[in-house]
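Novice: Below you'll find coords_18.cif; it's mmCIF, C-alpha atoms.
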data_data
#
loop_
_atom_site.label_atom_id
_atom_site.label_comp_id
_atom_site.auth_asym_id
_atom_site.auth_seq_id
_atom_site.Cartn_x
_atom_site.Cartn_y
_atom_site.Cartn_z
CA MET A 1 141.20 291.15 122.87
CA LEU A 2 141.80 290.41 119.18
CA GLN A 3 138.76 288.13 119.17
CA GLU A 4 136.62 290.87 120.75
CA ASP A 5 137.83 293.41 118.16
CA TYR A 6 137.01 290.98 115.36
CA ILE A 7 133.51 290.36 116.70
CA LYS A 8 132.94 294.12 117.11
CA LYS A 9 134.01 294.79 113.49
CA LEU A 10 131.76 291.96 112.29
CA GLU A 11 128.81 293.36 114.24
CA ASP A 12 129.40 296.85 112.81
CA SER A 13 129.64 295.45 109.27
CA LEU A 14 126.38 293.55 109.70
CA LYS A 15 124.62 296.63 111.03
CA GLN A 16 125.67 298.58 107.93
CA PHE A 17 124.63 295.73 105.66
CA LEU A 18 121.18 295.54 107.24
CA GLN A 19 120.38 299.19 106.60
CA PRO A 20 117.60 299.22 103.98
CA VAL A 21 118.50 300.68 100.59
CA LYS A 22 115.74 302.93 99.28
CA ASN A 23 114.53 304.55 96.06
CA ILE A 24 116.33 302.41 93.48
CA PRO A 25 114.81 302.88 90.00
CA PHE A 26 113.04 299.79 88.66
CA ASN A 27 114.78 300.01 85.28
CA ILE A 28 118.21 299.88 86.96
CA VAL A 29 117.22 296.85 89.06
CA ILE A 30 115.96 294.93 86.02
CA GLU A 31 119.10 295.71 84.02
CA VAL A 32 121.36 294.57 86.88
CA LEU A 33 119.38 291.33 87.37
CA SER A 34 118.86 290.46 83.71
CA SER A 35 121.17 292.60 81.55
CA LYS A 36 118.00 293.62 79.68
CA LYS A 37 116.72 297.16 79.30
CA VAL A 38 113.35 298.42 80.51
CA LEU A 39 112.02 300.50 77.65
CA ASP A 40 110.12 303.70 78.37
CA PHE A 41 106.47 303.91 77.44
CA ASP A 42 106.22 306.73 74.91
CA GLU A 43 102.80 308.39 74.76
CA ASN A 44 103.69 309.80 71.32
CA ASN A 45 104.58 306.39 69.89
CA SER A 46 101.60 305.05 67.92
CA GLU A 47 102.51 301.41 68.52
CA HIS A 48 102.87 301.98 72.26
CA LYS A 49 99.45 303.66 72.28
CA THR A 50 97.94 300.70 70.43
CA VAL A 51 99.44 298.24 72.93
CA LEU A 52 97.98 300.30 75.77
CA GLU A 53 94.58 300.20 74.08
CA LYS A 54 94.85 296.40 73.85
CA ILE A 55 95.65 296.13 77.57
CA ILE A 56 92.69 298.40 78.42
CA LYS A 57 90.36 296.31 76.28
CA ALA A 58 91.66 293.10 77.88
CA ALA A 59 91.16 294.64 81.32
CA GLU A 60 87.56 295.52 80.48
CA ILE A 61 86.89 291.97 79.28
CA ALA A 62 88.60 290.45 82.33
CA ALA A 63 86.71 292.75 84.72
CA LYS A 64 83.39 291.80 83.14
CA ASP A 65 84.18 288.09 83.46
CA ILE A 66 85.34 288.53 87.05
CA ASN A 67 82.11 290.31 87.98
CA ILE A 68 79.98 287.65 86.28
CA ASN A 69 81.77 284.70 87.87
CA GLY A 70 83.22 286.16 91.06
CA ILE A 71 86.46 284.94 92.67
CA SER A 72 86.07 282.81 95.79
CA ARG A 73 88.99 283.24 98.18
CA SER A 74 89.29 283.30 101.95
CA ARG A 75 91.62 286.34 101.89
CA PRO A 76 91.79 289.32 99.50
CA ASN A 77 95.57 289.07 99.04
CA GLU A 78 95.04 285.69 97.33
CA VAL A 79 92.82 287.13 94.58
CA GLY A 80 95.71 288.37 92.44
CA ASN A 81 96.62 284.85 91.32
CA ASP A 82 93.08 284.31 89.97
CA VAL A 83 92.99 287.70 88.23
CA GLU A 84 95.99 286.68 86.13
CA VAL A 85 93.97 283.83 84.56
CA PHE A 86 91.15 286.20 83.55
CA VAL A 87 93.67 288.60 81.99
CA LYS A 88 95.38 285.83 80.01
CA ASN A 89 92.03 284.65 78.68
CA ALA A 90 91.03 288.20 77.73
CA LEU A 91 94.29 288.81 75.82
CA THR A 92 93.85 285.49 74.03
CA ASN A 93 90.30 286.49 73.06
CA LEU A 94 91.83 289.59 71.43
CA ASN A 95 94.05 287.32 69.31
CA ILE A 96 97.13 288.36 71.23
CA LYS A 97 99.76 285.72 71.89
CA VAL A 98 100.16 285.45 75.66
CA GLU A 99 102.45 283.15 77.64
CA THR A 100 103.98 282.46 81.01
CA PRO A 101 107.39 284.18 80.81
CA GLN A 102 110.39 282.05 79.95
CA THR A 103 113.48 282.28 82.14
CA ASN A 104 117.08 282.72 81.07
CA GLN A 105 117.51 278.96 81.49
CA GLY A 106 114.63 278.20 79.14
CA ASN A 107 112.04 277.32 81.79
CA LYS A 108 108.50 278.68 81.94
CA LYS A 109 107.90 279.69 85.53
CA SER A 110 104.58 280.92 86.93
CA THR A 111 105.94 282.27 90.24
CA GLY A 112 107.88 285.48 90.60
CA TYR A 113 107.98 288.68 88.58
CA PRO A 114 106.59 289.18 85.95
CA ASP A 115 103.29 287.29 85.57
CA ILE A 116 102.74 287.49 81.81
CA ILE A 117 104.54 288.09 78.56
CA PHE A 118 102.49 288.96 75.48
CA TRP A 119 103.40 289.79 71.89
CA TYR A 120 102.25 292.54 69.58
CA ASN A 121 103.75 292.97 66.10
CA ASP A 122 106.31 290.31 67.10
CA LYS A 123 107.54 292.46 69.98
CA PRO A 124 107.48 291.26 73.62
CA TYR A 125 105.74 293.12 76.45
CA TYR A 126 105.78 292.18 80.13
CA LEU A 127 102.64 292.51 82.25
CA GLU A 128 102.29 292.15 86.02
CA CYS A 129 98.77 291.56 87.42
CA LYS A 130 97.78 292.97 90.80
CA THR A 131 94.79 293.91 92.93
CA PHE A 132 94.26 296.77 95.35
CA ASN A 133 91.85 298.01 97.97
CA LYS A 134 91.06 301.69 97.53
CA LYS A 135 91.27 302.25 101.30
CA ASN A 136 94.96 301.28 101.25
CA LEU A 137 95.89 303.05 98.03
CA THR A 138 97.80 305.91 99.67
CA THR A 139 99.39 303.90 102.50
CA THR A 140 102.96 302.57 102.71
CA GLN A 141 101.74 298.97 102.73
CA ARG A 142 104.15 296.94 100.57
CA SER A 143 102.46 295.66 97.44
CA PHE A 144 105.14 295.11 94.78
CA TYR A 145 107.82 292.45 95.13
CA LEU A 146 110.76 291.54 92.90
CA SER A 147 113.32 288.97 94.01
CA PRO A 148 116.70 288.18 92.44
CA SER A 149 116.92 284.72 90.91
CA GLU A 150 119.49 282.64 89.05
CA ASP A 151 116.58 281.70 86.76
CA PHE A 152 115.15 285.19 86.22
CA LYS A 153 112.03 285.68 84.08
CA VAL A 154 113.09 288.75 82.09
CA ILE A 155 114.98 287.85 78.91
CA TYR A 156 113.97 290.67 76.53
CA ASP A 157 114.36 294.42 76.30
CA SER A 158 110.77 295.52 76.75
CA ILE A 159 108.21 297.86 78.26
CA HIS A 160 106.97 296.61 81.64
CA PHE A 161 103.28 297.18 82.38
CA CYS A 162 101.22 296.54 85.49
CA LEU A 163 97.45 295.95 85.39
CA SER A 164 95.82 296.32 88.79
CA PHE A 165 92.15 295.79 89.67
CA GLU A 166 90.31 297.41 92.55
CA ILE A 167 88.50 294.53 94.27
CA PHE A 168 85.67 294.37 96.78
CA ASN A 169 84.08 291.56 98.77
CA GLU A 170 80.51 290.57 97.92
CA ARG A 171 79.87 287.97 100.61
CA LYS A 172 77.24 285.33 99.76
CA LYS A 173 76.23 282.12 101.48
CA ASN A 174 79.03 282.49 104.05
CA LYS A 175 81.64 282.75 101.29
CA ASN A 176 83.86 285.62 100.18
CA TRP A 177 83.19 286.45 96.53
CA TYR A 178 85.53 289.08 95.14
CA LYS A 179 84.63 291.35 92.23
CA CYS A 180 86.17 294.52 90.82
CA LYS A 181 85.12 298.17 90.67
CA SER A 182 87.91 299.71 88.59
CA PHE A 183 91.36 299.08 87.20
CA LYS A 184 94.61 300.92 86.55
CA VAL A 185 97.26 300.36 83.88
CA LEU A 186 100.75 301.40 84.95
CA SER A 187 104.11 301.77 83.24
CA LEU A 188 106.85 300.63 85.64
CA GLU A 189 110.13 302.00 84.25
CA LYS A 190 110.44 304.77 86.86
CA LEU A 191 108.99 302.85 89.82
CA SER A 192 111.06 303.41 92.97
CA LEU A 193 112.08 300.22 94.83
CA ASP A 194 113.57 299.46 98.25
CA ILE A 195 115.70 296.54 99.41
CA LYS A 196 115.00 294.93 102.75
CA HIS A 197 117.61 292.36 103.74
CA GLU A 198 116.81 289.11 105.55
CA PHE A 199 118.67 286.20 107.07
CA ASN A 200 117.71 282.65 106.11
CA SER A 201 118.70 279.06 106.59
CA ASP A 202 117.60 275.69 105.17
CA ASN A 203 116.14 272.37 106.34
CA LYS A 204 119.51 270.63 106.36
CA ARG A 205 120.96 273.10 108.83
CA LEU A 206 117.76 273.50 110.82
CA TYR A 207 117.00 269.81 111.40
CA SER A 208 120.37 268.01 111.15
CA ASN A 209 121.42 268.77 114.74
CA LYS A 210 124.42 270.61 113.29
CA ASP A 211 125.32 274.23 112.55
CA GLY A 212 123.90 275.58 115.79
CA ALA A 213 120.32 274.31 115.87
CA LYS A 214 120.07 271.69 118.62
CA ILE A 215 117.28 269.12 118.57
CA LEU A 216 115.93 269.00 122.11
CA PHE A 217 113.25 266.37 121.62
CA GLU A 218 111.72 264.26 118.85
CA LYS A 219 109.21 261.43 118.76
CA ASN A 220 107.74 259.20 116.08
CA LEU A 221 103.95 258.83 116.27
#
Since I need it in another form, could you write the structure as structure tokens?
Specialist:
Amino acid sequence: MLQEDYIKKLEDSLKQFLQPVKNIPFNIVIEVLSSKKVLDFDENNSEHKTVLEKIIKAAEIAAKDININGISRSRPNEVGNDVEVFVKNALTNLNIKVETPQTNQGNKKSTGYPDIIFWYNDKPYYLECKTFNKKNLTTTQRSFYLSPSEDFKVIYDSIHFCLSFEIFNERKKNKNWYKCKSFKVLSLEKLSLDIKHEFNSDNKRLYSNKDGAKILFEKNL
């Protein structure tokens, strides 16, 4: 009976834990994960306005290059990685120092949020690069991801921008060639985030014939 009560309490606890947590402000999440503040974009701040103008100019240059060269990918959700390269090149062409963000352990890591850090007047600014399809713009399709990490990529108090390009497929010679029609520049400090929990395991537990996973058959070829 005690064992059954324990299992029931454990099941109830897990059910509560698995309930998604919704509408957490982005700035709070970043501060919890990094101890760094997300600064508000101030439309009346002349330096903020200048930085925005630089991002817009870089977006225009990147969009032009994308439409000249095209991006060849089998699926549209893979295009975002290529867009980042065009944006970095455009910022560099504007004499803006741009880098892959450094983590709190001193590593430069390309994966994970955010994509880019750039500098203006010796101040850091974070920039995430994304793409969107206008047909899905008002849907609840998940499009922004931010995962906790022991080696997190935010190490400065800063404004966090997002540059997102509207892409379309111009198919040629049986290949998907993606180009862009428009772009949006966003300020992320008030973005609302949700948490969706997941269970996971690792190779050692999955393939070692221990910890519950039983190997039923294996064969060397």
Novice: From the set A:Ile55, A:Val98, A:Ala62, A:Val154, which residue has the shortest atom-to-atom contact distance to Phe86 in chain A, counting only C-alpha atoms?
Specialist: A:Ala62
Novice: List the neighbours of range 37-41 of chain A out to 6 Å using all atoms listed in the file; skip same-chain residues closer than 5 positions along the sequence, and give me the result as JSON, numbers by chain.
Specialist: {"A": [27, 31, 157, 158, 159]}
Novice: Using only the atoms of range 146-155 of chain A listed in the file, plus 4 Å on each side, state the axis-aligned box centre and edge lengths in Å rounded to one decimal, as AutoDock Vina command-line options.
Specialist:
--center_x 115.1 --center_y 286.6 --center_z 86.5 --size_x 16.7 --size_y 17.8 --size_z 23.1
Novice: Is it possible to get the residues within 12 Å of (101.6, 291.8, 77.2) (coordinates as in the file, counting all atoms listed in the file) written as a ChimeraX atom specification?
Specialist: /A:48,50-56,58-59,84,87-88,90-92,94-101,114-129,158-163,185,187
Novice: Go through A:Ser149, A:Thr140, A:Asn89, A:Asn77 one by one, measure the shortest atom-to-atom distance of each to Tyr113 in chain A using all atoms listed in the file, and give the residue with the smallest value.
Specialist: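 Under the stated criterion, the closest residue is A:Ser149.
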Novice: Would you fill out range 149-163 of chain A with N, CA and C atoms and return it as a PDB file, keeping the file's coordinate frame?
Specialist:
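Below is the file that was written, selection_28.pdb:
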ATOM      1  N   SER A 149     116.990 286.160  91.152  1.00  0.00           N
ATOM      2  CA  SER A 149     116.920 284.720  90.910  1.00  0.00           C
ATOM      3  C   SER A 149     117.978 284.336  89.884  1.00  0.00           C
ATOM      4  N   GLU A 150     118.558 283.152  90.053  1.00  0.00           N
ATOM      5  CA  GLU A 150     119.490 282.640  89.050  1.00  0.00           C
ATOM      6  C   GLU A 150     118.744 282.250  87.778  1.00  0.00           C
ATOM      7  N   ASP A 151     117.425 282.074  87.901  1.00  0.00           N
ATOM      8  CA  ASP A 151     116.580 281.700  86.760  1.00  0.00           C
ATOM      9  C   ASP A 151     115.531 282.796  86.563  1.00  0.00           C
ATOM     10  N   PHE A 152     116.010 284.002  86.266  1.00  0.00           N
ATOM     11  CA  PHE A 152     115.150 285.190  86.220  1.00  0.00           C
ATOM     12  C   PHE A 152     114.251 285.165  84.992  1.00  0.00           C
ATOM     13  N   LYS A 153     113.066 285.783  85.120  1.00  0.00           N
ATOM     14  CA  LYS A 153     112.030 285.680  84.080  1.00  0.00           C
ATOM     15  C   LYS A 153     112.020 286.816  83.068  1.00  0.00           C
ATOM     16  N   VAL A 154     113.003 287.670  83.091  1.00  0.00           N
ATOM     17  CA  VAL A 154     113.090 288.750  82.090  1.00  0.00           C
ATOM     18  C   VAL A 154     114.245 288.435  81.157  1.00  0.00           C
ATOM     19  N   ILE A 155     113.926 288.209  79.876  1.00  0.00           N
ATOM     20  CA  ILE A 155     114.980 287.850  78.910  1.00  0.00           C
ATOM     21  C   ILE A 155     114.927 288.729  77.661  1.00  0.00           C
ATOM     22  N   TYR A 156     114.082 289.765  77.676  1.00  0.00           N
ATOM     23  CA  TYR A 156     113.970 290.670  76.530  1.00  0.00           C
ATOM     24  C   TYR A 156     114.036 292.125  76.984  1.00  0.00           C
ATOM     25  N   ASP A 157     114.577 292.987  76.140  1.00  0.00           N
ATOM     26  CA  ASP A 157     114.360 294.420  76.300  1.00  0.00           C
ATOM     27  C   ASP A 157     112.881 294.669  76.039  1.00  0.00           C
ATOM     28  N   SER A 158     112.218 295.379  76.922  1.00  0.00           N
ATOM     29  CA  SER A 158     110.770 295.520  76.750  1.00  0.00           C
ATOM     30  C   SER A 158     110.209 296.613  77.662  1.00  0.00           C
ATOM     31  N   ILE A 159     109.003 297.053  77.335  1.00  0.00           N
ATOM     32  CA  ILE A 159     108.210 297.860  78.260  1.00  0.00           C
ATOM     33  C   ILE A 159     107.617 296.928  79.313  1.00  0.00           C
ATOM     34  N   HIS A 160     107.565 297.389  80.548  1.00  0.00           N
ATOM     35  CA  HIS A 160     106.970 296.610  81.640  1.00  0.00           C
ATOM     36  C   HIS A 160     105.710 297.324  82.111  1.00  0.00           C
ATOM     37  N   PHE A 161     104.569 296.647  81.947  1.00  0.00           N
ATOM     38  CA  PHE A 161     103.280 297.180  82.380  1.00  0.00           C
ATOM     39  C   PHE A 161     102.814 296.481  83.653  1.00  0.00           C
ATOM     40  N   CYS A 162     101.934 297.160  84.369  1.00  0.00           N
ATOM     41  CA  CYS A 162     101.220 296.540  85.490  1.00  0.00           C
ATOM     42  C   CYS A 162      99.735 296.844  85.313  1.00  0.00           C
ATOM     43  N   LEU A 163      98.905 295.801  85.447  1.00  0.00           N
ATOM     44  CA  LEU A 163      97.450 295.950  85.390  1.00  0.00           C
ATOM     45  C   LEU A 163      96.903 295.583  86.760  1.00  0.00           C
TER      46      LEU A 163
END
